[in-house]
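The data block below is protein09.txt; it holds compact mmCIF, C-alpha atoms.
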# COMPACT_ATOMS: atom_id res chain seq x y z
CA MET Z 94 63.59 49.69 161.37
CA LYS Z 95 65.06 52.47 163.48
CA ASN Z 96 67.93 51.97 165.93
CA GLU Z 97 67.24 52.34 169.65
CA LEU Z 98 68.96 55.30 171.30
CA GLU Z 99 69.17 56.48 174.91
CA LEU Z 100 69.60 60.12 175.85
CA TYR Z 101 71.33 61.48 178.95
CA LEU Z 102 71.00 65.20 179.77
CA HIS Z 103 73.34 66.65 182.38
CA ILE Z 104 72.10 69.51 184.55
CA PRO Z 105 75.24 70.53 186.51
CA PHE Z 106 73.59 72.72 189.15
CA CYS Z 107 72.60 72.16 192.76
CA VAL Z 108 71.47 74.22 195.72
CA ARG Z 109 74.59 73.31 197.70
CA LYS Z 110 77.47 70.92 197.08
CA CYS Z 111 77.26 67.87 199.35
CA ALA Z 112 80.33 67.02 201.41
CA TYR Z 113 80.84 63.62 199.75
CA CYS Z 114 80.01 64.59 196.15
CA ASP Z 115 82.58 64.49 193.35
CA PHE Z 116 80.08 64.86 190.49
CA LEU Z 117 80.36 67.68 187.97
CA SER Z 118 78.01 70.08 189.74
CA SER Z 119 77.93 73.35 191.66
CA PRO Z 120 75.54 76.08 192.85
CA GLU Z 121 75.06 78.86 190.27
CA ASN Z 122 73.07 82.05 189.84
CA VAL Z 123 69.82 82.39 187.89
CA GLU Z 124 71.50 83.98 184.85
CA THR Z 125 74.12 81.23 184.53
CA ILE Z 126 71.46 78.53 184.72
CA GLU Z 127 69.32 80.23 182.05
CA ASN Z 128 72.33 80.62 179.74
CA TYR Z 129 73.08 76.95 180.22
CA VAL Z 130 69.52 75.91 179.34
CA GLU Z 131 69.76 77.91 176.11
CA ALA Z 132 73.12 76.28 175.32
CA LEU Z 133 71.70 72.81 176.00
CA ILE Z 134 68.83 73.50 173.61
CA ARG Z 135 71.32 74.57 170.93
CA GLU Z 136 73.24 71.32 171.41
CA ILE Z 137 70.04 69.26 171.15
CA LYS Z 138 69.07 71.00 167.90
CA ALA Z 139 72.54 70.39 166.44
CA TYR Z 140 71.78 66.63 166.39
CA GLN Z 141 68.97 66.83 163.83
CA ALA Z 142 70.89 64.72 161.28
CA LEU Z 143 71.94 62.06 163.78
CA SER Z 144 68.38 61.55 164.95
CA LEU Z 145 66.93 60.52 161.59
CA ASN Z 146 67.65 56.79 161.93
CA ASP Z 147 67.04 56.52 165.67
CA ILE Z 148 64.16 56.17 168.06
CA VAL Z 149 64.70 57.31 171.65
CA VAL Z 150 63.68 54.62 174.14
CA THR Z 151 64.89 56.23 177.39
CA ILE Z 152 65.78 59.72 178.59
CA PHE Z 153 67.56 60.44 181.87
CA LEU Z 154 68.04 63.93 183.30
CA GLY Z 155 70.84 63.74 185.86
CA GLY Z 156 73.07 66.10 187.72
CA GLY Z 157 73.62 68.01 189.87
CA THR Z 158 69.98 68.48 190.67
CA PRO Z 159 67.83 68.76 187.53
CA SER Z 160 64.85 69.73 189.68
CA VAL Z 161 66.43 73.14 190.35
CA LEU Z 162 65.25 74.11 186.85
CA GLU Z 163 62.07 76.12 186.56
CA GLY Z 164 59.07 74.52 184.89
CA ASN Z 165 59.33 76.71 181.77
CA GLN Z 166 63.02 75.81 181.37
CA MET Z 167 62.22 72.10 181.47
CA GLU Z 168 59.38 72.70 179.02
CA ARG Z 169 61.69 74.39 176.50
CA ILE Z 170 64.21 71.54 176.78
CA PHE Z 171 61.50 68.98 176.03
CA GLU Z 172 60.14 71.03 173.15
CA ALA Z 173 63.60 70.85 171.59
CA LEU Z 174 63.88 67.10 172.26
CA HIS Z 175 60.55 66.42 170.55
CA GLU Z 176 61.47 68.73 167.66
CA VAL Z 177 64.70 66.81 166.98
CA PHE Z 178 64.17 63.21 168.10
CA GLU Z 179 61.50 60.60 167.61
CA ILE Z 180 60.65 59.51 171.14
CA ALA Z 181 58.96 56.15 171.64
CA GLU Z 182 55.47 56.25 173.11
CA ASP Z 183 56.54 53.97 175.94
CA ALA Z 184 59.89 55.70 176.55
CA GLU Z 185 61.13 55.67 180.13
CA ILE Z 186 61.84 59.30 181.05
CA THR Z 187 63.56 59.90 184.39
CA VAL Z 188 64.38 63.07 186.27
CA GLU Z 189 66.64 63.18 189.32
CA ALA Z 190 65.35 65.36 192.14
CA ASN Z 191 66.44 66.39 195.59
CA PRO Z 192 63.83 66.68 198.34
CA GLY Z 193 63.04 70.32 198.97
CA THR Z 194 63.58 71.37 195.33
CA VAL Z 195 60.20 70.23 194.00
CA THR Z 196 56.73 71.72 194.27
CA GLN Z 197 53.33 70.31 193.36
CA GLU Z 198 53.21 72.64 190.35
CA LYS Z 199 56.66 71.61 189.16
CA LEU Z 200 55.90 67.90 189.49
CA SER Z 201 52.59 68.27 187.67
CA ALA Z 202 54.43 70.08 184.87
CA TYR Z 203 56.92 67.20 184.66
CA ARG Z 204 54.10 64.70 184.19
CA LYS Z 205 52.58 66.82 181.41
CA LEU Z 206 55.95 66.79 179.64
CA GLY Z 207 55.93 62.99 179.67
CA ILE Z 208 58.40 62.49 182.54
CA ASN Z 209 57.21 59.22 184.05
CA ARG Z 210 59.95 58.28 186.51
CA ILE Z 211 61.49 60.30 189.33
CA SER Z 212 64.63 59.46 191.30
CA PHE Z 213 64.91 61.06 194.73
CA GLY Z 214 68.37 61.49 196.24
CA LEU Z 215 67.42 60.79 199.85
CA GLN Z 216 70.60 58.93 201.03
CA SER Z 217 69.40 58.38 204.63
CA ALA Z 218 66.25 58.46 206.75
CA ASP Z 219 68.27 59.71 209.75
CA ASN Z 220 68.41 63.51 210.09
CA GLY Z 221 71.77 63.40 211.84
CA GLU Z 222 73.28 61.45 208.96
CA LEU Z 223 71.69 63.80 206.43
CA LYS Z 224 73.23 66.81 208.18
CA LEU Z 225 76.64 65.15 208.27
CA LEU Z 226 76.41 64.42 204.53
CA GLY Z 227 75.65 68.08 203.84
CA ARG Z 228 72.19 67.40 202.44
CA ILE Z 229 69.85 70.40 202.15
CA HIS Z 230 66.79 68.55 203.47
CA THR Z 231 65.45 66.60 206.41
CA TYR Z 232 63.73 63.23 206.22
CA GLU Z 233 60.40 64.96 206.89
CA GLN Z 234 60.97 67.24 203.87
CA PHE Z 235 61.72 64.17 201.77
CA LEU Z 236 58.40 62.65 202.84
CA GLU Z 237 56.60 65.80 201.69
CA SER Z 238 58.35 65.65 198.30
CA TYR Z 239 57.61 61.94 197.95
CA GLU Z 240 53.90 62.41 198.68
CA MET Z 241 53.75 65.31 196.23
CA ALA Z 242 55.23 63.05 193.53
CA ARG Z 243 52.58 60.40 194.21
CA THR Z 244 49.86 63.07 194.11
CA ALA Z 245 51.22 64.31 190.76
CA GLY Z 246 50.76 60.82 189.34
CA PHE Z 247 54.25 59.31 189.50
CA THR Z 248 53.90 55.53 189.65
CA ASN Z 249 57.62 54.81 189.16
CA ILE Z 250 59.82 56.27 191.90
CA ASN Z 251 63.41 55.43 192.82
CA ILE Z 252 65.04 56.32 196.13
CA ASP Z 253 68.84 56.56 196.42
CA LEU Z 254 70.41 55.44 199.71
CA ILE Z 255 73.99 55.45 201.00
CA SER Z 256 75.48 53.08 203.56
CA ALA Z 257 78.82 53.25 205.44
CA ILE Z 258 78.27 56.92 206.35
CA PRO Z 259 80.56 58.20 209.14
CA LYS Z 260 79.15 57.27 212.57
CA GLN Z 261 76.41 55.21 210.93
CA THR Z 262 75.54 51.94 212.68
CA VAL Z 263 74.13 48.72 211.28
CA ARG Z 264 71.00 49.44 213.28
CA SER Z 265 70.50 52.95 211.85
CA TRP Z 266 71.02 51.54 208.32
CA GLU Z 267 68.39 48.87 208.99
CA GLU Z 268 66.01 51.57 210.23
CA THR Z 269 66.55 53.59 207.04
CA LEU Z 270 65.79 50.53 204.90
CA LYS Z 271 62.63 49.71 206.88
CA ARG Z 272 61.34 53.29 206.72
CA ILE Z 273 61.81 53.38 202.95
CA ILE Z 274 60.18 50.00 202.40
CA ARG Z 275 57.05 51.26 204.18
CA LEU Z 276 56.72 53.91 201.47
CA LYS Z 277 56.65 51.21 198.76
CA PRO Z 278 58.79 52.88 196.09
CA GLU Z 279 59.17 50.87 192.88
CA HIS Z 280 62.98 51.00 192.90
CA ILE Z 281 65.78 51.42 195.46
CA SER Z 282 69.45 52.12 194.73
CA ALA Z 283 71.71 51.28 197.67
CA TYR Z 284 75.31 52.42 197.38
CA SER Z 285 78.21 52.17 199.79
CA LEU Z 286 79.94 55.49 200.48
CA ILE Z 287 83.24 55.96 198.68
CA ILE Z 288 85.53 58.71 199.96
CA GLU Z 289 86.47 60.51 196.73
CA GLU Z 290 89.55 62.68 196.28
CA GLY Z 291 88.91 66.41 196.18
CA THR Z 292 85.75 66.27 198.30
CA SER Z 293 85.24 67.72 201.77
CA PHE Z 294 84.90 64.16 203.03
CA ALA Z 295 88.36 63.29 201.71
CA LYS Z 296 89.87 65.95 204.00
CA LEU Z 297 87.78 64.86 206.98
CA TYR Z 298 87.72 61.09 206.63
CA GLY Z 299 90.45 60.20 204.12
CA GLU Z 300 93.20 57.74 204.94
CA GLY Z 301 95.28 58.95 207.89
CA SER Z 302 92.87 61.73 208.84
CA PRO Z 303 91.90 62.13 212.52
CA LEU Z 304 88.21 61.38 211.83
CA GLU Z 305 88.87 58.25 209.77
CA ARG Z 306 87.91 56.26 212.88
CA ASP Z 307 84.32 57.53 212.48
CA LEU Z 308 83.86 55.40 209.37
CA PRO Z 309 82.17 52.04 209.95
CA SER Z 310 84.58 49.11 210.12
CA GLU Z 311 84.92 46.68 207.21
CA GLU Z 312 82.87 44.17 209.18
CA GLU Z 313 80.10 46.73 209.81
CA GLU Z 314 80.15 47.79 206.17
CA ARG Z 315 79.82 44.15 205.11
CA LEU Z 316 76.87 43.68 207.49
CA MET Z 317 75.14 46.76 206.04
CA TYR Z 318 75.68 45.36 202.56
CA GLU Z 319 74.16 42.02 203.54
CA LYS Z 320 71.27 43.62 205.43
CA ALA Z 321 70.28 45.58 202.32
CA GLU Z 322 69.93 42.43 200.23
CA GLU Z 323 68.21 40.53 203.03
CA ILE Z 324 65.67 43.18 204.06
CA LEU Z 325 64.89 44.38 200.56
CA GLY Z 326 64.60 40.82 199.24
CA GLU Z 327 62.16 39.88 201.99
CA ASN Z 328 59.98 42.81 200.96
CA GLY Z 329 59.68 42.09 197.25
CA TYR Z 330 62.68 43.98 195.87
CA HIS Z 331 64.79 41.75 193.69
CA ARG Z 332 68.42 42.64 193.20
CA TYR Z 333 69.03 42.94 189.46
CA GLU Z 334 72.39 44.76 189.58
CA ILE Z 335 75.12 45.03 192.18
CA SER Z 336 73.63 48.20 193.77
CA ASN Z 337 70.06 48.21 192.45
CA TYR Z 338 66.81 46.64 193.62
CA ALA Z 339 63.37 46.79 192.03
CA LYS Z 340 59.84 45.51 192.23
CA GLU Z 341 59.14 43.02 189.43
CA GLY Z 342 59.18 44.76 186.04
CA MET Z 343 60.35 48.11 187.47
CA GLU Z 344 64.07 47.84 186.72
CA CYS Z 345 65.62 51.06 185.38
CA ARG Z 346 65.65 50.57 181.62
CA HIS Z 347 68.07 53.44 181.09
CA ASN Z 348 70.73 52.00 183.36
CA LEU Z 349 70.23 48.52 181.91
CA GLY Z 350 71.07 50.11 178.56
CA TYR Z 351 74.44 51.26 179.93
CA TRP Z 352 75.25 47.78 181.26
CA GLU Z 353 74.20 46.21 177.95
CA ARG Z 354 76.24 48.72 175.92
CA LYS Z 355 73.33 50.23 174.00
CA ASN Z 356 73.98 53.41 172.07
CA TYR Z 357 73.51 56.52 174.18
CA LEU Z 358 74.01 60.20 173.50
CA GLY Z 359 75.12 62.48 176.32
CA LEU Z 360 73.97 66.10 176.13
CA GLY Z 361 75.22 68.86 178.40
CA LEU Z 362 78.35 69.74 180.30
CA GLY Z 363 80.73 66.79 180.71
CA ALA Z 364 78.17 64.28 179.40
CA SER Z 365 79.54 61.03 177.96
CA SER Z 366 78.35 59.18 174.84
CA LEU Z 367 78.70 55.75 173.29
CA LEU Z 368 77.74 55.68 169.63
CA ASP Z 369 78.64 52.72 167.43
CA ASN Z 370 81.62 51.79 169.62
CA ARG Z 371 82.93 55.34 169.73
CA ARG Z 372 83.17 56.91 173.17
CA TYR Z 373 83.59 60.62 173.85
CA SER Z 374 82.60 63.21 176.43
CA ASN Z 375 81.71 66.89 176.31
CA THR Z 376 83.95 69.56 177.76
CA GLU Z 377 83.75 70.15 181.52
CA ASN Z 378 84.46 73.87 181.06
CA LEU Z 379 81.16 75.71 181.52
CA ARG Z 380 82.20 78.77 179.51
CA GLU Z 381 83.47 76.66 176.60
CA TYR Z 382 80.28 74.61 176.64
CA THR Z 383 77.97 77.63 176.76
CA GLU Z 384 79.77 79.33 173.88
CA CYS Z 385 80.16 76.30 171.59
CA ALA Z 386 77.25 73.97 172.40
CA GLY Z 387 75.63 74.59 169.01
CA GLN Z 388 78.66 73.01 167.34
CA PRO Z 389 79.06 69.65 169.13
CA GLU Z 390 82.35 68.84 167.38
CA LYS Z 391 83.93 71.79 169.21
CA ILE Z 392 82.96 70.62 172.69
CA ARG Z 393 83.82 66.95 172.16
CA LYS Z 394 86.74 65.62 174.18
CA ASN Z 395 88.49 62.28 174.71
CA THR Z 396 87.16 60.63 171.56
CA GLU Z 397 88.04 56.95 171.55
CA HIS Z 398 87.27 54.36 168.88
CA LEU Z 399 87.00 51.11 170.81
CA THR Z 400 88.94 48.13 169.49
CA GLU Z 401 87.25 44.73 169.39
CA GLU Z 402 89.21 43.72 172.49
CA GLU Z 403 88.02 46.82 174.35
CA GLN Z 404 84.43 46.13 173.28
CA MET Z 405 84.72 42.58 174.63
CA GLU Z 406 86.14 43.82 177.93
CA GLU Z 407 83.26 46.28 178.34
CA PHE Z 408 80.75 43.57 177.45
CA ILE Z 409 82.09 41.45 180.30
CA PHE Z 410 82.71 43.93 183.12
CA LEU Z 411 79.52 45.91 182.49
CA GLY Z 412 77.39 42.83 181.87
CA LEU Z 413 78.57 41.02 184.97
CA ARG Z 414 77.25 43.86 187.13
CA LYS Z 415 73.78 42.45 186.40
CA MET Z 416 72.60 39.57 188.56
CA ASN Z 417 71.58 37.54 185.51
CA GLY Z 418 75.06 38.14 184.10
CA ILE Z 419 76.08 37.85 180.47
CA SER Z 420 74.69 35.65 177.73
CA GLU Z 421 77.14 33.46 175.86
CA GLN Z 422 74.88 33.72 172.80
CA ALA Z 423 74.85 37.53 173.01
CA PHE Z 424 78.67 37.51 173.11
CA TRP Z 425 78.71 35.38 169.96
CA ASN Z 426 76.15 37.65 168.26
CA CYS Z 427 78.36 40.68 168.94
CA PHE Z 428 81.76 39.25 168.09
CA GLN Z 429 81.25 35.98 166.15
CA LYS Z 430 83.55 34.33 168.69
CA THR Z 431 82.75 32.29 171.76
CA ILE Z 432 83.51 33.78 175.14
CA TRP Z 433 85.29 30.52 175.98
CA ASP Z 434 87.69 30.86 173.03
CA CYS Z 435 88.56 34.40 174.19
CA TYR Z 436 88.59 34.07 177.98
CA GLY Z 437 87.94 30.41 178.73
CA GLU Z 438 91.03 29.64 180.79
CA ASN Z 439 90.55 32.68 183.06
CA ILE Z 440 86.81 32.06 183.41
CA ARG Z 441 87.43 28.46 184.50
CA LYS Z 442 89.94 29.62 187.15
CA VAL Z 443 87.43 32.09 188.57
CA MET Z 444 84.69 29.45 188.54
CA GLU Z 445 86.96 27.05 190.46
CA LYS Z 446 87.28 29.73 193.16
CA GLY Z 447 83.50 29.86 193.47
CA LEU Z 448 83.24 33.42 192.19
CA LEU Z 449 81.42 32.78 188.91
CA LYS Z 450 78.67 30.38 187.86
CA GLN Z 451 77.25 29.13 184.57
CA ARG Z 452 73.53 28.54 184.14
CA GLU Z 453 71.34 28.22 181.05
CA GLY Z 454 73.91 29.76 178.73
CA CYS Z 455 74.69 32.68 181.03
CA LEU Z 456 77.69 33.51 183.21
CA SER Z 457 77.03 35.44 186.40
CA LEU Z 458 78.72 36.31 189.67
CA THR Z 459 78.08 34.13 192.70
CA LYS Z 460 77.21 35.74 196.02
CA LYS Z 461 80.88 35.46 196.95
CA GLY Z 462 81.85 36.90 193.55
CA ILE Z 463 79.63 39.94 194.00
CA ASP Z 464 81.57 40.81 197.15
CA VAL Z 465 84.85 40.92 195.19
CA SER Z 466 83.50 41.89 191.78
CA ASN Z 467 86.42 44.13 190.79
CA TYR Z 468 88.83 41.26 191.53
CA VAL Z 469 86.74 38.93 189.35
CA PHE Z 470 86.75 41.37 186.43
CA ALA Z 471 90.52 41.76 186.66
CA GLU Z 472 91.08 37.98 186.85
CA ILE Z 473 88.99 37.35 183.75
CA LEU Z 474 90.22 40.21 181.62
CA TYR Z 475 93.81 40.93 182.52
CA GLN Z 476 95.48 37.68 183.62

Before anything else, please render the file you have as structure tokens.
Amino acid sequence: MKNELELYLHIPFCVRKCAYCDFLSSPENVETIENYVEALIREIKAYQALSLNDIVVTIFLGGGTPSVLEGNQMERIFEALHEVFEIAEDAEITVEANPGTVTQEKLSAYRKLGINRISFGLQSADNGELKLLGRIHTYEQFLESYEMARTAGFTNINIDLISAIPKQTVRSWEETLKRIIRLKPEHISAYSLIIEEGTSFAKLYGEGSPLERDLPSEEEERLMYEKAEEILGENGYHRYEISNYAKEGMECRHNLGYWERKNYLGLGLGASSLLDNRRYSNTENLREYTECAGQPEKIRKNTEHLTEEEQMEEFIFLGLRKMNGISEQAFWNCFQKTIWDCYGENIRKVMEKGLLKQREGCLSLTKKGIDVSNYVFAEILYQ
């Protein structure tokens, strides 16, 4: 029986860098993008030996904006994937896309390649908020892209949204949620804005900056957070992870794999991998990657063989992100130890504070615990 494997492919290009973005991405010229595609194909083909005992159950093309690639470039990437890997017939295959970067022809080509899930980076249904974020599109352009995806046959669509945007109000956030619900996407990811170092937003809205006052207050941010769960829940979207909501049966299988510590192989610039409890990432230097992609050992950085303790820690803090939490039996299956023998005293303390609950052999965060999840993880693992 073959082992299940997930693939992540990083496409580090975008039309324009958004003001809040700290991802490994940037605008590039046509020649650079083509050279990168060729390098990515060389890296894929270098994994022929690894792929023999594996079956690929999910593929995720992230970025950047993967939809900036031309149809023939995507086709060549998938030809290489099928040449090297056995891909399950029911594999979930996702591509991230920005509104305004897709066409009907491009989307139809994606479907022919077997891409069956698309994730649109909308962020807001308010054009003023989109402009402030530095997005390249309007809400009306997003609607055009969304309808094109439906016409092309996509029956599994995610929409990314961001709350706590500067000058955003609880009311405008509610309006965004209600507009998106009317479209009936299968999945919604709702994240709270984090001001990351090194971004344009950090200079404008970072601690001590003159425009910091434009950020919603903690109370407003909390209300937005609660409104998302309330409004989405009332409309058939169940919360299955801290920031993710889905119609029944439409949870993102690829991301669930991350939270359940399944093996995944990262391909492309800066992509991370977890293979048999060994973590590593590819170089973030575009020139080094392009020149050496055909020899993966030369682009590998930060290789780390996880100790049993580190594996247990990941099992807990990744697993507790899911609303159904972590299975005590699964912990035993992985480590031949009970979670209570390893962390029992700390778990009991957190449960006494009302932050963690036990039900049917699973431990999960309470509503109160979700609000302070990082604190809970630290109390369990590091006290």

Might you pull out every residue within 10 Å of Z:Glu176, with all atoms listed in the file counted and same-chain residues fewer than 6 positions away left off, and present them as a short mmCIF file (atom, residue, chain, number, x, y, z; two decimals) with C-alpha atoms, in the frame of the given file?
data_model
loop_
_atom_site.label_atom_id
_atom_site.label_comp_id
_atom_site.auth_asym_id
_atom_site.auth_seq_id
_atom_site.Cartn_x
_atom_site.Cartn_y
_atom_site.Cartn_z
CA ILE Z 137 70.04 69.26 171.15
CA LYS Z 138 69.07 71.00 167.90
CA GLN Z 141 68.97 66.83 163.83
CA ILE Z 170 64.21 71.54 176.78
#

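Remark: for Z:Ser365, the closest of the candidate residues Z:Ile252, Z:Leu379, Z:Ile392, Z:Leu225 is Z:Ile392 (distances computed over only C-alpha atoms).
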
Practice prompt. Tell me which of Z:Lys355, Z:Arg372, Z:Arg169, Z:Arg272 sits closest to Z:Asn96, counting only C-alpha atoms.
Written response: Z:Lys355

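If you measure from each of Z:His347, Z:Arg393, Z:Arg135, Z:Lys199 to Z:Glu172 using all atoms listed in the file, the closest one turns out to be Z:Arg135.
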
Discussion item. Residues within 9 Å of (61.9, 69.6, 193.4), file coordinates, counting all atoms listed in the file: what are they? Give the list as a list of chain:residue names.
Written reply: Z:Thr158, Z:Pro159, Z:Ser160, Z:Val161, Z:Leu162, Z:Glu189, Z:Ala190, Z:Asn191, Z:Pro192, Z:Gly193, Z:Thr194, Z:Val195, Z:Thr196, Z:Gln197, Z:Lys199, Z:Leu200, Z:Ser238

Those same residues, written as a compact mmCIF listing (two decimals), in the coordinates of the input with C-alpha atoms?
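part.txt, written as the output of this step:
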# COMPACT_ATOMS: atom_id res chain seq x y z
CA THR Z 158 69.98 68.48 190.67
CA PRO Z 159 67.83 68.76 187.53
CA SER Z 160 64.85 69.73 189.68
CA VAL Z 161 66.43 73.14 190.35
CA LEU Z 162 65.25 74.11 186.85
CA GLU Z 189 66.64 63.18 189.32
CA ALA Z 190 65.35 65.36 192.14
CA ASN Z 191 66.44 66.39 195.59
CA PRO Z 192 63.83 66.68 198.34
CA GLY Z 193 63.04 70.32 198.97
CA THR Z 194 63.58 71.37 195.33
CA VAL Z 195 60.20 70.23 194.00
CA THR Z 196 56.73 71.72 194.27
CA GLN Z 197 53.33 70.31 193.36
CA LYS Z 199 56.66 71.61 189.16
CA LEU Z 200 55.90 67.90 189.49
CA SER Z 238 58.35 65.65 198.30

Item to complete: Skip stretch 316-324 of chain Z itself and residues of its chain fewer than 2 positions away, then list as an NGL selection string all residues within 8 Å of it, counting all atoms listed in the file.
Response: :Z and (256-257 or 263 or 266-267 or 270-271 or 283 or 285 or 312-314 or 326-328 or 332)
